[in-house]
$ cat query.cif   # mmCIF, C-alpha atoms, pLDDT in the B column; chains and numbers go by the auth columns
data_upload
#
loop_
_atom_site.group_PDB
_atom_site.id
_atom_site.type_symbol
_atom_site.label_atom_id
_atom_site.label_comp_id
_atom_site.label_asym_id
_atom_site.label_seq_id
_atom_site.Cartn_x
_atom_site.Cartn_y
_atom_site.Cartn_z
_atom_site.B_iso_or_equiv
_atom_site.auth_seq_id
_atom_site.auth_asym_id
ATOM 1 C CA MET A 1 -19.086 11.961 47.507 91.00 1 A
ATOM 2 C CA ASN A 2 -16.817 12.721 44.565 95.00 2 A
ATOM 3 C CA TYR A 3 -17.109 15.375 41.887 96.00 3 A
ATOM 4 C CA TYR A 4 -16.673 14.403 38.232 96.00 4 A
ATOM 5 C CA ALA A 5 -16.347 16.808 35.310 95.00 5 A
ATOM 6 C CA VAL A 6 -18.252 16.119 32.094 96.00 6 A
ATOM 7 C CA GLN A 7 -17.395 17.865 28.825 95.00 7 A
ATOM 8 C CA VAL A 8 -20.394 18.507 26.576 96.00 8 A
ATOM 9 C CA GLN A 9 -21.421 20.660 23.645 96.00 9 A
ATOM 10 C CA THR A 10 -21.210 24.301 24.723 96.00 10 A
ATOM 11 C CA GLY A 11 -24.623 25.891 25.045 96.00 11 A
ATOM 12 C CA ASN A 12 -26.423 22.571 25.555 96.00 12 A
ATOM 13 C CA GLU A 13 -25.274 21.835 29.102 96.00 13 A
ATOM 14 C CA GLU A 14 -28.718 22.303 30.678 96.00 14 A
ATOM 15 C CA LYS A 15 -30.503 20.313 27.947 97.00 15 A
ATOM 16 C CA ILE A 16 -28.126 17.394 28.475 96.00 16 A
ATOM 17 C CA ILE A 17 -28.580 17.564 32.266 96.00 17 A
ATOM 18 C CA ASP A 18 -32.381 17.626 31.837 96.00 18 A
ATOM 19 C CA LYS A 19 -32.302 14.585 29.525 96.00 19 A
ATOM 20 C CA ALA A 20 -30.043 12.697 31.931 95.00 20 A
ATOM 21 C CA LYS A 21 -32.312 13.534 34.890 95.00 21 A
ATOM 22 C CA LYS A 22 -35.356 12.352 32.946 95.00 22 A
ATOM 23 C CA ILE A 23 -33.722 9.023 32.041 93.00 23 A
ATOM 24 C CA LEU A 24 -32.263 8.540 35.530 92.00 24 A
ATOM 25 C CA GLN A 25 -35.271 9.832 37.474 90.00 25 A
ATOM 26 C CA ASP A 26 -35.550 6.656 39.570 90.00 26 A
ATOM 27 C CA ARG A 27 -32.068 7.264 41.037 87.00 27 A
ATOM 28 C CA LEU A 28 -31.840 11.052 41.369 83.00 28 A
ATOM 29 C CA ASP A 29 -30.971 10.652 45.051 88.00 29 A
ATOM 30 C CA LYS A 30 -27.706 8.898 44.045 88.00 30 A
ATOM 31 C CA GLN A 31 -26.209 11.761 42.043 92.00 31 A
ATOM 32 C CA ASN A 32 -26.397 15.527 41.864 94.00 32 A
ATOM 33 C CA PHE A 33 -25.874 17.431 38.610 96.00 33 A
ATOM 34 C CA LEU A 34 -24.123 20.782 39.051 96.00 34 A
ATOM 35 C CA PHE A 35 -23.924 23.555 36.482 97.00 35 A
ATOM 36 C CA PRO A 36 -22.554 26.681 38.223 96.00 36 A
ATOM 37 C CA LYS A 37 -23.468 30.009 36.641 96.00 37 A
ATOM 38 C CA LYS A 38 -22.495 33.630 37.236 95.00 38 A
ATOM 39 C CA SER A 39 -24.744 36.657 37.166 92.00 39 A
ATOM 40 C CA LEU A 40 -23.450 39.385 34.851 90.00 40 A
ATOM 41 C CA LYS A 41 -24.807 42.770 33.888 86.00 41 A
ATOM 42 C CA ILE A 42 -24.977 42.753 30.091 86.00 42 A
ATOM 43 C CA ARG A 43 -25.432 46.012 28.217 81.00 43 A
ATOM 44 C CA LYS A 44 -27.521 45.815 25.060 83.00 44 A
ATOM 45 C CA SER A 45 -28.756 48.875 23.188 86.00 45 A
ATOM 46 C CA GLY A 46 -27.784 51.107 26.093 82.00 46 A
ATOM 47 C CA LEU A 47 -29.793 49.111 28.629 86.00 47 A
ATOM 48 C CA PHE A 48 -28.347 46.887 31.347 82.00 48 A
ATOM 49 C CA LYS A 49 -29.914 43.578 32.217 88.00 49 A
ATOM 50 C CA GLN A 50 -28.847 40.701 34.446 88.00 50 A
ATOM 51 C CA GLU A 51 -28.030 37.439 32.684 91.00 51 A
ATOM 52 C CA LEU A 52 -26.873 34.075 33.967 93.00 52 A
ATOM 53 C CA LYS A 53 -23.854 32.726 32.105 94.00 53 A
ATOM 54 C CA PRO A 54 -21.946 29.482 32.761 96.00 54 A
ATOM 55 C CA ILE A 55 -18.741 29.761 34.769 95.00 55 A
ATOM 56 C CA PHE A 56 -17.319 26.758 32.914 94.00 56 A
ATOM 57 C CA PRO A 57 -18.868 26.778 29.413 94.00 57 A
ATOM 58 C CA GLY A 58 -18.965 23.293 27.913 94.00 58 A
ATOM 59 C CA TYR A 59 -18.751 21.518 31.274 95.00 59 A
ATOM 60 C CA PHE A 60 -21.025 20.382 34.048 96.00 60 A
ATOM 61 C CA PHE A 61 -20.258 18.395 37.152 97.00 61 A
ATOM 62 C CA ILE A 62 -21.735 15.334 38.808 96.00 62 A
ATOM 63 C CA GLN A 63 -21.566 14.771 42.529 96.00 63 A
ATOM 64 C CA VAL A 64 -21.744 11.006 42.984 95.00 64 A
ATOM 65 C CA GLU A 65 -19.870 8.238 44.786 94.00 65 A
ATOM 66 C CA ASN A 66 -18.719 6.556 41.529 92.00 66 A
ATOM 67 C CA ILE A 67 -19.584 6.698 37.837 92.00 67 A
ATOM 68 C CA ASP A 68 -21.375 3.392 37.377 92.00 68 A
ATOM 69 C CA THR A 69 -22.268 1.683 34.097 92.00 69 A
ATOM 70 C CA GLU A 70 -25.851 3.001 34.028 93.00 70 A
ATOM 71 C CA LEU A 71 -24.786 6.627 34.541 93.00 71 A
ATOM 72 C CA TYR A 72 -21.936 6.306 32.029 94.00 72 A
ATOM 73 C CA ASN A 73 -24.104 4.692 29.328 94.00 73 A
ATOM 74 C CA THR A 74 -26.941 7.175 29.867 94.00 74 A
ATOM 75 C CA LEU A 75 -24.695 10.204 29.432 95.00 75 A
ATOM 76 C CA LYS A 76 -22.811 8.623 26.527 95.00 76 A
ATOM 77 C CA SER A 77 -26.107 8.068 24.678 96.00 77 A
ATOM 78 C CA ILE A 78 -27.164 11.742 24.887 96.00 78 A
ATOM 79 C CA HIS A 79 -26.377 13.875 21.834 96.00 79 A
ATOM 80 C CA GLY A 80 -23.817 16.550 22.742 96.00 80 A
ATOM 81 C CA PHE A 81 -21.924 14.455 25.307 96.00 81 A
ATOM 82 C CA TYR A 82 -18.181 14.486 24.583 96.00 82 A
ATOM 83 C CA ARG A 83 -16.305 12.899 27.470 95.00 83 A
ATOM 84 C CA PHE A 84 -15.654 12.568 31.145 94.00 84 A
ATOM 85 C CA LEU A 85 -12.439 14.025 32.468 90.00 85 A
ATOM 86 C CA LYS A 86 -9.651 12.722 32.431 87.00 86 A
ATOM 87 C CA ASN A 87 -11.026 10.663 29.525 87.00 87 A
ATOM 88 C CA ASN A 88 -13.696 7.988 29.017 89.00 88 A
ATOM 89 C CA GLN A 89 -11.210 5.189 29.715 90.00 89 A
ATOM 90 C CA GLU A 90 -9.810 6.876 32.849 88.00 90 A
ATOM 91 C CA ILE A 91 -12.764 8.597 34.514 92.00 91 A
ATOM 92 C CA THR A 92 -11.265 10.278 37.561 93.00 92 A
ATOM 93 C CA PRO A 93 -12.868 12.476 40.197 94.00 93 A
ATOM 94 C CA LEU A 94 -11.678 16.036 40.607 94.00 94 A
ATOM 95 C CA THR A 95 -8.862 16.354 43.119 93.00 95 A
ATOM 96 C CA GLY A 96 -6.433 18.954 44.374 93.00 96 A
ATOM 97 C CA LYS A 97 -6.599 22.366 42.746 91.00 97 A
ATOM 98 C CA ASP A 98 -9.437 21.432 40.368 92.00 98 A
ATOM 99 C CA LEU A 99 -11.633 20.310 43.258 94.00 99 A
ATOM 100 C CA SER A 100 -10.837 23.385 45.345 93.00 100 A
ATOM 101 C CA ILE A 101 -11.715 25.699 42.422 93.00 101 A
ATOM 102 C CA LEU A 102 -15.087 24.001 41.940 94.00 102 A
ATOM 103 C CA GLN A 103 -15.819 24.022 45.669 94.00 103 A
ATOM 104 C CA HIS A 104 -14.834 27.698 45.871 94.00 104 A
ATOM 105 C CA PHE A 105 -17.577 28.591 43.374 94.00 105 A
ATOM 106 C CA LEU A 106 -20.128 26.081 44.731 94.00 106 A
ATOM 107 C CA LYS A 107 -19.989 27.590 48.215 95.00 107 A
ATOM 108 C CA PHE A 108 -21.763 30.624 46.714 94.00 108 A
ATOM 109 C CA GLY A 109 -24.520 28.406 45.272 92.00 109 A
ATOM 110 C CA GLN A 110 -25.260 27.257 41.721 92.00 110 A
ATOM 111 C CA ASN A 111 -25.974 30.865 40.636 95.00 111 A
ATOM 112 C CA ILE A 112 -23.329 33.206 41.962 95.00 112 A
ATOM 113 C CA SER A 113 -23.851 36.928 42.183 94.00 113 A
ATOM 114 C CA ALA A 114 -21.403 39.790 41.807 93.00 114 A
ATOM 115 C CA SER A 115 -18.611 40.368 44.321 94.00 115 A
ATOM 116 C CA GLN A 116 -18.521 43.488 46.488 95.00 116 A
ATOM 117 C CA VAL A 117 -15.319 45.462 45.788 94.00 117 A
ATOM 118 C CA TYR A 118 -13.664 48.833 46.180 92.00 118 A
ATOM 119 C CA PHE A 119 -10.493 50.340 44.758 89.00 119 A
ATOM 120 C CA ASP A 120 -7.726 51.494 47.098 87.00 120 A
ATOM 121 C CA GLU A 121 -5.612 54.661 46.791 87.00 121 A
ATOM 122 C CA ASN A 122 -3.306 52.860 44.315 88.00 122 A
ATOM 123 C CA ASP A 123 -6.323 51.882 42.174 87.00 123 A
ATOM 124 C CA ARG A 124 -5.990 48.199 43.082 89.00 124 A
ATOM 125 C CA ILE A 125 -9.122 46.105 43.412 90.00 125 A
ATOM 126 C CA CYS A 126 -9.964 45.029 46.974 91.00 126 A
ATOM 127 C CA VAL A 127 -12.619 42.338 47.332 93.00 127 A
ATOM 128 C CA VAL A 128 -14.834 42.592 50.414 93.00 128 A
ATOM 129 C CA GLU A 129 -17.034 39.552 49.738 93.00 129 A
ATOM 130 C CA GLY A 130 -18.226 37.301 46.944 93.00 130 A
ATOM 131 C CA PRO A 131 -16.720 34.796 44.524 95.00 131 A
ATOM 132 C CA LEU A 132 -13.681 36.969 43.758 94.00 132 A
ATOM 133 C CA LYS A 133 -12.612 36.859 47.425 93.00 133 A
ATOM 134 C CA GLY A 134 -9.505 34.733 47.688 91.00 134 A
ATOM 135 C CA LEU A 135 -8.861 34.946 43.950 92.00 135 A
ATOM 136 C CA GLU A 136 -7.403 38.478 43.920 90.00 136 A
ATOM 137 C CA GLY A 137 -3.968 37.184 42.907 90.00 137 A
ATOM 138 C CA LEU A 138 -5.482 35.551 39.795 93.00 138 A
ATOM 139 C CA ILE A 139 -7.076 38.753 38.453 94.00 139 A
ATOM 140 C CA ILE A 140 -5.390 39.718 35.190 95.00 140 A
ATOM 141 C CA LYS A 141 -7.731 42.486 34.000 95.00 141 A
ATOM 142 C CA VAL A 142 -10.339 44.774 35.520 94.00 142 A
ATOM 143 C CA ASP A 143 -12.939 46.584 33.419 93.00 143 A
ATOM 144 C CA LYS A 144 -14.472 49.282 35.636 90.00 144 A
ATOM 145 C CA ARG A 145 -16.985 50.354 32.985 87.00 145 A
ATOM 146 C CA LYS A 146 -18.411 46.856 32.523 88.00 146 A
ATOM 147 C CA LYS A 147 -17.809 46.045 36.216 90.00 147 A
ATOM 148 C CA ARG A 148 -16.004 42.816 35.464 93.00 148 A
ATOM 149 C CA ALA A 149 -12.788 41.194 36.572 94.00 149 A
ATOM 150 C CA LYS A 150 -11.072 38.594 34.406 95.00 150 A
ATOM 151 C CA ILE A 151 -9.296 35.842 36.296 95.00 151 A
ATOM 152 C CA LYS A 152 -6.884 33.285 34.873 94.00 152 A
ATOM 153 C CA MET A 153 -6.709 29.895 36.533 91.00 153 A
ATOM 154 C CA ASP A 154 -5.584 26.388 35.788 90.00 154 A
ATOM 155 C CA PHE A 155 -8.402 23.855 35.587 85.00 155 A
ATOM 156 C CA ALA A 156 -8.296 20.304 34.205 81.00 156 A
ATOM 157 C CA ASN A 157 -4.723 20.702 32.951 82.00 157 A
ATOM 158 C CA ASP A 158 -5.688 23.786 30.967 84.00 158 A
ATOM 159 C CA SER A 159 -5.491 27.511 31.568 89.00 159 A
ATOM 160 C CA ILE A 160 -8.924 29.163 31.506 91.00 160 A
ATOM 161 C CA LEU A 161 -10.172 32.745 31.682 93.00 161 A
ATOM 162 C CA ILE A 162 -13.296 33.531 33.690 94.00 162 A
ATOM 163 C CA ASP A 163 -15.132 36.870 33.722 93.00 163 A
ATOM 164 C CA LEU A 164 -16.788 37.624 37.045 94.00 164 A
ATOM 165 C CA GLY A 165 -18.958 40.628 37.821 93.00 165 A
ATOM 166 C CA PHE A 166 -18.462 43.033 40.688 93.00 166 A
ATOM 167 C CA GLU A 167 -20.371 45.819 42.382 92.00 167 A
ATOM 168 C CA LEU A 168 -18.496 48.903 43.549 91.00 168 A
ATOM 169 C CA ILE A 169 -19.193 49.696 47.192 89.00 169 A
ATOM 170 C CA LYS A 170 -16.830 52.661 47.542 64.00 170 A
ATOM 171 C CA GLY A 171 -14.104 54.375 45.549 47.00 171 A
ATOM 172 C CA LEU A 172 -13.963 55.414 41.910 46.00 172 A
ATOM 173 C CA GLU A 173 -16.665 54.376 39.492 47.00 173 A
#
$ encode --input "query.cif" --output "structure tokens"
Amino acid sequence: MNYYAVQVQTGNEEKIIDKAKKILQDRLDKQNFLFPKKSLKIRKSGLFKQELKPIFPGYFFIQVENIDTELYNTLKSIHGFYRFLKNNQEITPLTGKDLSILQHFLKFGQNISASQVYFDENDRICVVEGPLKGLEGLIIKVDKRKKRAKIKMDFANDSILIDLGFELIKGLE
């Protein structure tokens, strides 16, 4: 099975997936729609609450053998659909680094939780487990108060920033 990236209107990813599933309900076993999200602690009015936010805002992924005419036309007809990647004339599955980035996040499930970290004697972040593990070299900023790490990675020929949450297991808070 291949993974294809679909660019859509940001904020409407789940609505578009739901519409596509409804239209294509007789062939749901042929493709799998993926919309990975991260769990973040959001502080509003002094109170913390957990919220699910997209890892890749404006994108979702389809796991399918090939993008056939029915799937293409269905998605193209839904309001908010922009394009397949690379483009609608050259629909190509994710490969190389792009595929490994997606698979890295998908191995933690569609809704990923915070990573378990601690800070060493030099105040460097050390990831014990979670989605940040293996991405330590891509961390460009750590916010201890918000318990977030910002990573910079290349995806789909573009440089993107992703905020991921972490839980402190030992060290400074």
$ resolve_selection --input "query.cif" --expression "the PyMOL selection byres ((chain A and resi 30) around 9)" --output "PyMOL selection string"
chain A and resi 27-29+31-32+63-65
$ write_last_selection --input "query.cif" --atoms "C-alpha atoms" --output "PDB file, in the frame of the given file"
ATOM      1  CA  ARG A  27     -32.068   7.264  41.037  1.00 87.00           C
ATOM      2  CA  LEU A  28     -31.840  11.052  41.369  1.00 83.00           C
ATOM      3  CA  ASP A  29     -30.971  10.652  45.051  1.00 88.00           C
ATOM      4  CA  GLN A  31     -26.209  11.761  42.043  1.00 92.00           C
ATOM      5  CA  ASN A  32     -26.397  15.527  41.864  1.00 94.00           C
ATOM      6  CA  GLN A  63     -21.566  14.771  42.529  1.00 96.00           C
ATOM      7  CA  VAL A  64     -21.744  11.006  42.984  1.00 95.00           C
ATOM      8  CA  GLU A  65     -19.870   8.238  44.786  1.00 94.00           C
TER       9      GLU A  65
END
$ resolve_selection --input "query.cif" --expression "the PyMOL selection byres ((chain A and resi 155) around 10)" --output "list in words"
Phe56, Leu94, Lys97, Asp98, Leu99, Ile101, Leu102, Lys152, Met153, Asp154, Ala156, Asn157, Asp158, Ser159, Ile160 and Leu161 of chain A
$ resolve_selection --input "query.cif" --expression "the PyMOL selection byres ((chain A and resi 55) around 10)" --output "PyMOL selection string"
chain A and resi 35-39+52-54+56-60+102+105+110-112+161-164
$ write_last_selection --input "query.cif" --atoms "C-alpha atoms" --output "mmCIF file, keeping the file's coordinate frame"
data_model
loop_
_atom_site.group_PDB
_atom_site.id
_atom_site.type_symbol
_atom_site.label_atom_id
_atom_site.label_comp_id
_atom_site.auth_asym_id
_atom_site.auth_seq_id
_atom_site.Cartn_x
_atom_site.Cartn_y
_atom_site.Cartn_z
ATOM 1 C CA PHE A 35 -23.924 23.555 36.482
ATOM 2 C CA PRO A 36 -22.554 26.681 38.223
ATOM 3 C CA LYS A 37 -23.468 30.009 36.641
ATOM 4 C CA LYS A 38 -22.495 33.630 37.236
ATOM 5 C CA SER A 39 -24.744 36.657 37.166
ATOM 6 C CA LEU A 52 -26.873 34.075 33.967
ATOM 7 C CA LYS A 53 -23.854 32.726 32.105
ATOM 8 C CA PRO A 54 -21.946 29.482 32.761
ATOM 9 C CA PHE A 56 -17.319 26.758 32.914
ATOM 10 C CA PRO A 57 -18.868 26.778 29.413
ATOM 11 C CA GLY A 58 -18.965 23.293 27.913
ATOM 12 C CA TYR A 59 -18.751 21.518 31.274
ATOM 13 C CA PHE A 60 -21.025 20.382 34.048
ATOM 14 C CA LEU A 102 -15.087 24.001 41.940
ATOM 15 C CA PHE A 105 -17.577 28.591 43.374
ATOM 16 C CA GLN A 110 -25.260 27.257 41.721
ATOM 17 C CA ASN A 111 -25.974 30.865 40.636
ATOM 18 C CA ILE A 112 -23.329 33.206 41.962
ATOM 19 C CA LEU A 161 -10.172 32.745 31.682
ATOM 20 C CA ILE A 162 -13.296 33.531 33.690
ATOM 21 C CA ASP A 163 -15.132 36.870 33.722
ATOM 22 C CA LEU A 164 -16.788 37.624 37.045
#
$ residues_around --input "query.cif" --residues "Leu132 of chain A" --least-positions-apart "2" --cutoff "9 Å" --atoms "all atoms listed in the file" --output "list in words"
Ala114, Ser115, Gln116, Val117, Val127, Val128, Glu129, Gly130, Gly134, Leu135, Glu136, Ile139, Ala149, Ile151, Leu164, Gly165 and Phe166 of chain A
$ residues_near_point --input "query.cif" --point "(-30.8, 5.7, 30.7)" --cutoff "10 Å" --atoms "only C-alpha atoms" --output "mmCIF file with C-alpha atoms, in the frame of the given file"
data_model
loop_
_atom_site.group_PDB
_atom_site.id
_atom_site.type_symbol
_atom_site.label_atom_id
_atom_site.label_comp_id
_atom_site.auth_asym_id
_atom_site.auth_seq_id
_atom_site.Cartn_x
_atom_site.Cartn_y
_atom_site.Cartn_z
ATOM 1 C CA LYS A 19 -32.302 14.585 29.525
ATOM 2 C CA ALA A 20 -30.043 12.697 31.931
ATOM 3 C CA LYS A 21 -32.312 13.534 34.890
ATOM 4 C CA LYS A 22 -35.356 12.352 32.946
ATOM 5 C CA ILE A 23 -33.722 9.023 32.041
ATOM 6 C CA LEU A 24 -32.263 8.540 35.530
ATOM 7 C CA GLN A 25 -35.271 9.832 37.474
ATOM 8 C CA GLU A 70 -25.851 3.001 34.028
ATOM 9 C CA LEU A 71 -24.786 6.627 34.541
ATOM 10 C CA TYR A 72 -21.936 6.306 32.029
ATOM 11 C CA ASN A 73 -24.104 4.692 29.328
ATOM 12 C CA THR A 74 -26.941 7.175 29.867
ATOM 13 C CA LEU A 75 -24.695 10.204 29.432
ATOM 14 C CA LYS A 76 -22.811 8.623 26.527
ATOM 15 C CA SER A 77 -26.107 8.068 24.678
ATOM 16 C CA ILE A 78 -27.164 11.742 24.887
#
$ atom_distance --input "query.cif" --atom1 "atom CA of Glu14 of chain A" --atom2 "atom CA of Glu51 of chain A"
15.3 Å
$ atom_distance --input "query.cif" --atom1 "atom CA of Tyr4 of chain A" --atom2 "atom CA of Phe108 of chain A"
19.0 Å
$ atom_distance --input "query.cif" --atom1 "atom CA of Lys146 of chain A" --atom2 "atom CA of Lys133 of chain A"
18.9 Å
$ axis_aligned_box --input "query.cif" --around "segment 56-67 of chain A" --padding-each-side "8 Å" --output "AutoDock Vina command-line options"
--center_x -19.5 --center_y 16.7 --center_z 36.3 --size_x 20.4 --size_y 36.2 --size_z 32.9
$ closest_residue --input "query.cif" --among "A:Ile125, A:Gly109, A:Gln103, A:Leu85" --to "Gln7 of chain A" --atoms "all atoms listed in the file"
A:Leu85
$ closest_residue --input "query.cif" --among "A:Asn12, A:Lys150, A:Arg124, A:Phe81" --to "Leu138 of chain A" --atoms "all atoms listed in the file"
A:Lys150
$ residues_near_point --input "query.cif" --point "(-11.9, 48.5, 43.8)" --cutoff "10 Å" --atoms "all atoms listed in the file" --output "list in words"
Gln116, Val117, Tyr118, Phe119, Asp120, Glu121, Asn122, Asp123, Arg124, Ile125, Cys126, Val127, Val128, Val142, Lys144, Lys147, Phe166, Glu167, Leu168, Ile169, Lys170, Gly171, Leu172 and Glu173 of chain A
$ closest_residue --input "query.cif" --among "A:Ile42, A:Ile16, A:Ala5, A:Leu34" --to "Arg83 of chain A" --atoms "all atoms listed in the file"
A:Ala5
$ closest_residue --input "query.cif" --among "A:Ser45, A:Thr10, A:Asn66, A:Gln50" --to "Pro93 of chain A" --atoms "all atoms listed in the file"
A:Asn66
$ closest_residue --input "query.cif" --among "A:Lys15, A:Asp143, A:Thr92, A:Tyr82" --to "Ile67 of chain A" --atoms "all atoms listed in the file"
A:Thr92
